[in-house]
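**Q** Got a structure for you, questions after.
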Amino acid sequence: MSDLLNTASLIVDTARSLGADEITAWASEGTWTDVKQRDGKIEKWQDSRSRSASAALLVNDRFSVHSTNDLRPDALRQFLGRAIEATRHLEADKNRRLPDPEIMGAGDTASLDLVDQNPPDIDHREWVDKVQRSTTKAIPNSLRSCEGFVWSGSSNSVMVTSNGFLGEKATTEFGHGADISMEDVDGRLPEAADWAVSRHHCDLLSIEDISKRAANRAMQRLGSGPVSSRRGAMLVENRVASRILGTIVAPMSGSSIYEQRSCLADKLGKQIAASGFNLIDDPHISRGMGSKAYDSDGRPTQKRSLVEDGVLQTWLIDVYHSRRLNREPTVSDISNLVVPAGSRTPKQILADRDWVILVDGFLGGNSNPTTGRYSFGIRGTLYEAGKAVSPISEMNITGSIFDLMDGFVEAANDTWTNGACRSPSLLFDAVQFSGQ
Amino acid sequence: MSISQPNGPTGAYFANLGVTSEVLRTVMSDALSKGGDDCDLYFEHSSSTSVSLTDGKVNQASTHVTLGMGVRVRVGDQVGYAYSEDLSPDALRSAAKTAAGIAASNQPRQVALPVAIPLPNHYPVSRPWDQVDINLRIDLIRKWEQAAFAKDERIQRVEVSLADSAKVVMIVRPDGRLVEDWRPMTRAHLRCTAEGVGPNGETVRESNGYNVAARAGLEFLDESRQTRLVDEAVHRTVFLLGATSPSPGEMPVVLAAGPSAILLHEAIGHGMEADFNRKRISIYANRMNQSIANDQVTIVDDGTILGARGSINVDDEGNQAERTVLVENGVLRSYMHDEMSAAHYGISPTGSGRRQSFRHAPMPRMRSTIMEAGPHDPDEIIASVDKGIYCVSFANGAVHIGGGDFSFYMKTGYLIENGKLSQPIKDVNIIGNGPEALSRIDMVGNDLKIDEGGWTCGKDGQSVPVSQGMPTVRVSSLVVGGEQS
């Protein structure tokens, strides 16, 4: 970490000596090993070690951002010199000035427990072999090909500002999973994947469990197709719920609000979802994949309710846009996006419905943050009265995010922890499906 | 701050950074010290500059520089990969020895002293960005902003960015081949937000935009292209104000010439990248020389189109780009090959081995994917549909390679009723299955158009610039997203 601190401090000092008035410097490094094995044979082994630095500069109230991985001192000095010269030609924007040091602070990264201090000795070859063979064994028939993948790594980063902020963050990460191709009777080769990731090796879902999950997914993909267009209930599986939640979070950003590209610009304090829906930004989850003690403005993070009982509580406003909007800043970027768990299992929820599509994957599609319209390709399984009736593919869901969220019924109790979006499966009513 | 086009002998650019022929041979020898069928060293120095306008001010600029070397050792279908961001001989050798770990032989391979190979130039540049004053960039941006506001009073906000980049790459192979390529890029993007009266008399706000991109310098942004950039951005935004959602379900889809080639890219292109076929996981595996489409359909992937965003003089394994015929009159003729898949199939690579940067191993990728013109007049194609939709512009697409399902997101289009374009429509996803969609292309227009937009293709965590083009096409049936009114 001290090398990174030296690099970041060198950037601040050099940029200041070359004429920059205010500087934010970041330096980061990472070390990773990624291994893939397909059908019994190592397919790819990659060792990565990277380092880079970036700087945000304010020169006579002109603003620019720069990054480089060419950290040779002479090259860095030349790079910053050209960057500062180019910045002088821009128009002034005083809103870009650094935050007041009084509202800055690095928080307590150590308490987030993001580094596995005692990971086991990892033999990646043995690890990936176990994942791939275990998954292959869990698929009784129709398997075309199975790829197991494992990765481990660590990263460190430092942020320094010319007005005295210093923040440091270190993380470790471990992950494994499988990609499976099946042989369908009509010649199609539908694929499925599952994976797990954690900050500490001991928290990683077991190989047996991940293999079983991946295999079950693959088996469910056989014989899929569209059913007739209609409105109906949709249970979005926990691990893909981020796709839906992302359509609500994107228009919350300060830039969307300021540039009038947000369907939430006039919704603060208003109902945007059914009353049972809650959404939280929680940066302080121990070992969380999105946990952070400070944001990109160098401000300490805090747990924050975004939507409470369906009412929009706040926008995501960084310091720059807070000045443009003449509002208090909240946070510059999301950390762990949390939907509180409900009380029932997905199976119990599915059993309650005469007709419901369990969506376990999205294929393409997009949303329009200005209007709140969305349209996504989906795949999953149609359930009728709790029974899986047919695997679904080649269908879309389309509508307004406000109608979708108004149709929110309940959250299941199966919170997904393998990522920064920690949502359980979510049930919505009256979703427009298009198919045959 | 773009990197200037090297004007010295091939190889001199990185030799000036200390990577001499002797260093190259030593590093290559280390990479093949445990044997291995093949190896490539990929050196890269890139820089990019972007200047942008928001809220009426040209008030943000950014620059990025990347320098490094990636080394790949291949043993059959197995790959060892490592990279270094430090070009000192010791750091390069360390990366090479790491990548060599994939091989297990005690017999090191002999390597030749590198010899430079000349390349064609598919992207000549007359006004390189490293010779353009930043104030000229600022003037252009302001001019476009003002033109957009003047074009339509419903425009409320305008955001503009003008970006350029240049990359010098050098690829070295064990047989001594050394190639060097300078890859420029220009991209301009204009985004508008408009407010106006919606289809039901309500006040509506919408955002949309247009962008143009090419492997070119400032000359790419001639007056006609600048005018089109502004006109299209404004038109595509205000168009949305009066647009609605179509009814959902299966229906005939007519795809307008140009950007509709996103259909080719998703439904067909990815499935014909040979790595998926080598692994037997593409829906097009084992379909070579079989009829997979109507005989009006001929599809090529071409890396040699003058100035196209997807063009490359040489791929990232050191093989010259070419025009590869994928589908000829409906018959599958070739996949897109990198070295590994070509060796697997016992044929020559097609110059399709590409990578995002030195941090990534190459794999088969598209360049410019194009459907050749067919026999039909575009108006005849529209007139042939009683009830369906006509797609004009798109945002993004996706595909499942094995199952063959693909989708693309239509941003703007029209309903077709009784053979005529009627109500404007917007924001729906369209989904289908690749081989089925190919077989349902039953009319191909005579109006081939290569899109000028800045498309970027993502695969396995790597992004590369691509182009695409297509004439007007009718697909007899696809599943269209939409809402019952």
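Simple scheme: letters A, B, ... for chains in structure tokens order, numbers from 1 for residues in each chain, numbers from 1 for ligands in the order shown.
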Do you have, as a tab-separated table, the list of residues of chain A lying at most 6 Å from chain B, each with its nearest atom pair and that distance in Å to one decimal, counting only C-alpha atoms and ordered by chain then number?
**A**
residue	atom	partner	partner_atom	distance
A:Glu43	CA	B:Gln78	CA	4.6
A:Lys44	CA	B:Val79	CA	4.6
A:Trp45	CA	B:Gly80	CA	4.9
A:Gln46	CA	B:Tyr81	CA	4.6
A:Asp47	CA	B:Ala82	CA	5.2
A:Ser48	CA	B:Ala82	CA	6.0
A:Phe63	CA	B:Gln60	CA	5.6
A:Ser64	CA	B:Ala61	CA	4.7
A:Val65	CA	B:Ser62	CA	4.7
A:His66	CA	B:Thr63	CA	4.7
A:Ser67	CA	B:His64	CA	4.7
A:Thr68	CA	B:Val65	CA	4.5
A:Asn69	CA	B:Thr66	CA	5.6
A:Asp70	CA	B:Leu67	CA	6.0
A:Leu90	CA	B:Asn59	CA	5.4
A:Glu91	CA	B:Asn59	CA	4.9
A:Arg188	CA	B:Gly403	CA	5.0
A:Leu189	CA	B:Gly402	CA	4.3
A:Pro190	CA	B:Gly403	CA	3.8
A:Ser229	CA	B:Gly249	CA	5.9
A:Gly364	CA	B:Ala398	CA	4.9
A:Gly365	CA	B:Asn429	CA	5.3
A:Thr370	CA	B:Glu206	CA	5.9
A:Ser375	CA	B:Asn429	CA	5.3
A:Phe376	CA	B:Asn429	CA	5.9
A:Glu394	CA	B:Gly432	CA	5.5
A:Asn396	CA	B:Gly481	CA	5.3
A:Thr398	CA	B:Gly482	CA	5.5
A:Ser434	CA	B:Gly249	CA	5.0
A:Gly435	CA	B:Gly249	CA	5.2
A:Gln436	CA	B:Glu250	CA	5.5
**Q** Just write the chosen residues, N, CA and C atoms, as a tab-separated table (two decimals), in the first residue's frame.
**A**
chain	number	residue	atom	x	y	z
A	43	GLU	N	-8.31	-25.16	-20.12
A	43	GLU	CA	-8.53	-24.42	-21.37
A	43	GLU	C	-7.73	-23.12	-21.38
A	44	LYS	N	-7.70	-22.44	-20.24
A	44	LYS	CA	-6.98	-21.16	-20.18
A	44	LYS	C	-6.53	-20.89	-18.75
A	45	TRP	N	-5.30	-20.44	-18.66
A	45	TRP	CA	-4.74	-20.07	-17.36
A	45	TRP	C	-4.19	-18.66	-17.52
A	46	GLN	N	-4.72	-17.74	-16.76
A	46	GLN	CA	-4.23	-16.36	-16.89
A	46	GLN	C	-3.82	-15.82	-15.53
A	47	ASP	N	-2.59	-15.32	-15.49
A	47	ASP	CA	-2.09	-14.61	-14.31
A	47	ASP	C	-2.01	-13.13	-14.66
A	48	SER	N	-2.60	-12.29	-13.84
A	48	SER	CA	-2.64	-10.86	-14.12
A	48	SER	C	-2.07	-10.07	-12.94
A	63	PHE	N	-11.81	21.80	-15.38
A	63	PHE	CA	-11.77	20.45	-14.82
A	63	PHE	C	-11.47	19.40	-15.89
A	64	SER	N	-10.67	18.40	-15.51
A	64	SER	CA	-10.42	17.27	-16.41
A	64	SER	C	-10.03	16.05	-15.59
A	65	VAL	N	-10.19	14.86	-16.20
A	65	VAL	CA	-9.79	13.61	-15.55
A	65	VAL	C	-8.87	12.82	-16.47
A	66	HIS	N	-7.92	12.09	-15.89
A	66	HIS	CA	-6.88	11.43	-16.68
A	66	HIS	C	-6.48	10.13	-16.02
A	67	SER	N	-6.10	9.15	-16.83
A	67	SER	CA	-5.60	7.90	-16.25
A	67	SER	C	-4.46	7.36	-17.10
A	68	THR	N	-3.57	6.65	-16.46
A	68	THR	CA	-2.43	6.05	-17.16
A	68	THR	C	-1.91	4.86	-16.37
A	69	ASN	N	-1.33	3.90	-17.08
A	69	ASN	CA	-0.61	2.83	-16.38
A	69	ASN	C	0.89	2.93	-16.67
A	70	ASP	N	1.27	4.01	-17.36
A	70	ASP	CA	2.69	4.25	-17.63
A	70	ASP	C	3.22	5.11	-16.48
A	90	LEU	N	-10.43	24.76	-21.47
A	90	LEU	CA	-11.86	24.49	-21.24
A	90	LEU	C	-12.54	25.68	-20.59
A	91	GLU	N	-13.87	25.60	-20.49
A	91	GLU	CA	-14.62	26.65	-19.79
A	91	GLU	C	-14.63	26.37	-18.29
A	188	ARG	N	-30.75	-27.71	-30.73
A	188	ARG	CA	-30.25	-26.53	-30.03
A	188	ARG	C	-29.33	-26.96	-28.88
A	189	LEU	N	-28.44	-26.06	-28.49
A	189	LEU	CA	-27.48	-26.36	-27.43
A	189	LEU	C	-27.62	-25.32	-26.31
A	190	PRO	N	-28.74	-25.36	-25.60
A	190	PRO	CA	-28.96	-24.32	-24.60
A	190	PRO	C	-27.90	-24.34	-23.50
A	229	SER	N	-48.74	-14.51	-25.62
A	229	SER	CA	-48.66	-13.19	-24.98
A	229	SER	C	-49.81	-13.02	-24.00
A	364	GLY	N	-30.68	-9.45	-23.26
A	364	GLY	CA	-30.74	-8.15	-23.91
A	364	GLY	C	-31.85	-7.29	-23.33
A	365	GLY	N	-32.31	-6.36	-24.15
A	365	GLY	CA	-33.32	-5.42	-23.70
A	365	GLY	C	-32.67	-4.19	-23.09
A	370	THR	N	-35.37	8.25	-18.93
A	370	THR	CA	-36.11	9.51	-19.05
A	370	THR	C	-37.60	9.27	-18.88
A	375	SER	N	-38.02	-2.78	-21.70
A	375	SER	CA	-38.39	-3.96	-22.47
A	375	SER	C	-37.19	-4.90	-22.45
A	376	PHE	N	-37.39	-6.09	-21.88
A	376	PHE	CA	-36.28	-7.05	-21.73
A	376	PHE	C	-36.66	-8.42	-22.31
A	394	GLU	N	-37.36	-16.99	-25.65
A	394	GLU	CA	-37.90	-16.17	-26.76
A	394	GLU	C	-39.15	-15.39	-26.35
A	396	ASN	N	-40.50	-11.59	-24.23
A	396	ASN	CA	-40.12	-10.28	-23.71
A	396	ASN	C	-41.07	-9.86	-22.60
A	398	THR	N	-42.43	-6.05	-21.19
A	398	THR	CA	-42.40	-4.65	-21.63
A	398	THR	C	-43.38	-3.84	-20.79
A	434	SER	N	-44.69	-10.85	-23.82
A	434	SER	CA	-45.00	-11.09	-25.22
A	434	SER	C	-44.32	-12.37	-25.67
A	435	GLY	N	-45.07	-13.18	-26.39
A	435	GLY	CA	-44.56	-14.45	-26.88
A	435	GLY	C	-45.26	-14.79	-28.17
A	436	GLN	N	-45.79	-15.99	-28.25
A	436	GLN	CA	-46.45	-16.43	-29.49
A	436	GLN	C	-47.69	-15.57	-29.79
**Q** Could you list, as a ChimeraX atom specification, every residue within 10 Å of A:Ile11, counting only C-alpha atoms and ignoring same-chain residues fewer than 6 positions away?
**A** /A:5,17,23-27,53-55,71,73,76-77,80,160-162
**Q** DSSP says alpha helix (DSSP H) for which residues of stretch 90-250 of chain B? Put them as an NGL selection string?
**A** :B and (90-99 or 134-151 or 223-241)
**Q** Which distance in Å separates atom CA of A:Gly386 and atom CA of A:Leu358, to one decimal?
**A**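 Calculated distance between atom CA of A:Gly386 and atom CA of A:Leu358 is 10.8 Å.
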**Q** Just want the 12 Å neighbourhood of A:Gln348, counted on only C-alpha atoms, with same-chain residues fewer than 3 positions away dropped. Output as a list in words.
**A**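 So the residues in contact are Leu235, Gly342, Ser343, Arg344, Thr345, Ala351, Asp352, Arg353, Tyr383, Ala385, Gly386, Lys387, Glu410, Ala411, Ala412, Asn413, Asp414, Ser425 and Leu427 of chain A.
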**Q** Looking only at the backbone, which of the residues in stretch 109-245 of chain A does DSSP tag as strand (DSSP E), as an MDAnalysis selection string?
**A** chainID A and resid 143:161 166:182 191:198 230:236
**Q** Quick one: residues within 8 Å of stretch 308-318 of chain A, only C-alpha atoms counted, chain neighbours fewer than 4 positions away excluded, as a PyMOL selection string?
**A** chain A and resi 252-255+267-279+297+322+328-334
**Q** Of the candidates A:Ala192, A:Met289, A:Val158, A:Ala92, which shows the shortest atom-to-atom distance to A:Asp61, using only C-alpha atoms?
**A**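 Nearest to A:Asp61: A:Ala92.
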**Q** Give me, as an NGL selection string, all polymer residues having an atom no more than 8 Å from B:Tyr335, counting only C-alpha atoms and skipping those fewer than 3 positions away in the same chain.
**A** :B and (272-274 or 326)
**Q** Pick out the residues sitting within 7 Å of A:Val59, and hand them over as a list in words; count only C-alpha atoms, and ignore anything fewer than 5 positions along from it in its own chain.
**A**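 Final neighbour list, sorted by chain and number: Gly19, Ala20, Asp21, Ile84, Thr87 and Arg88 of chain A.
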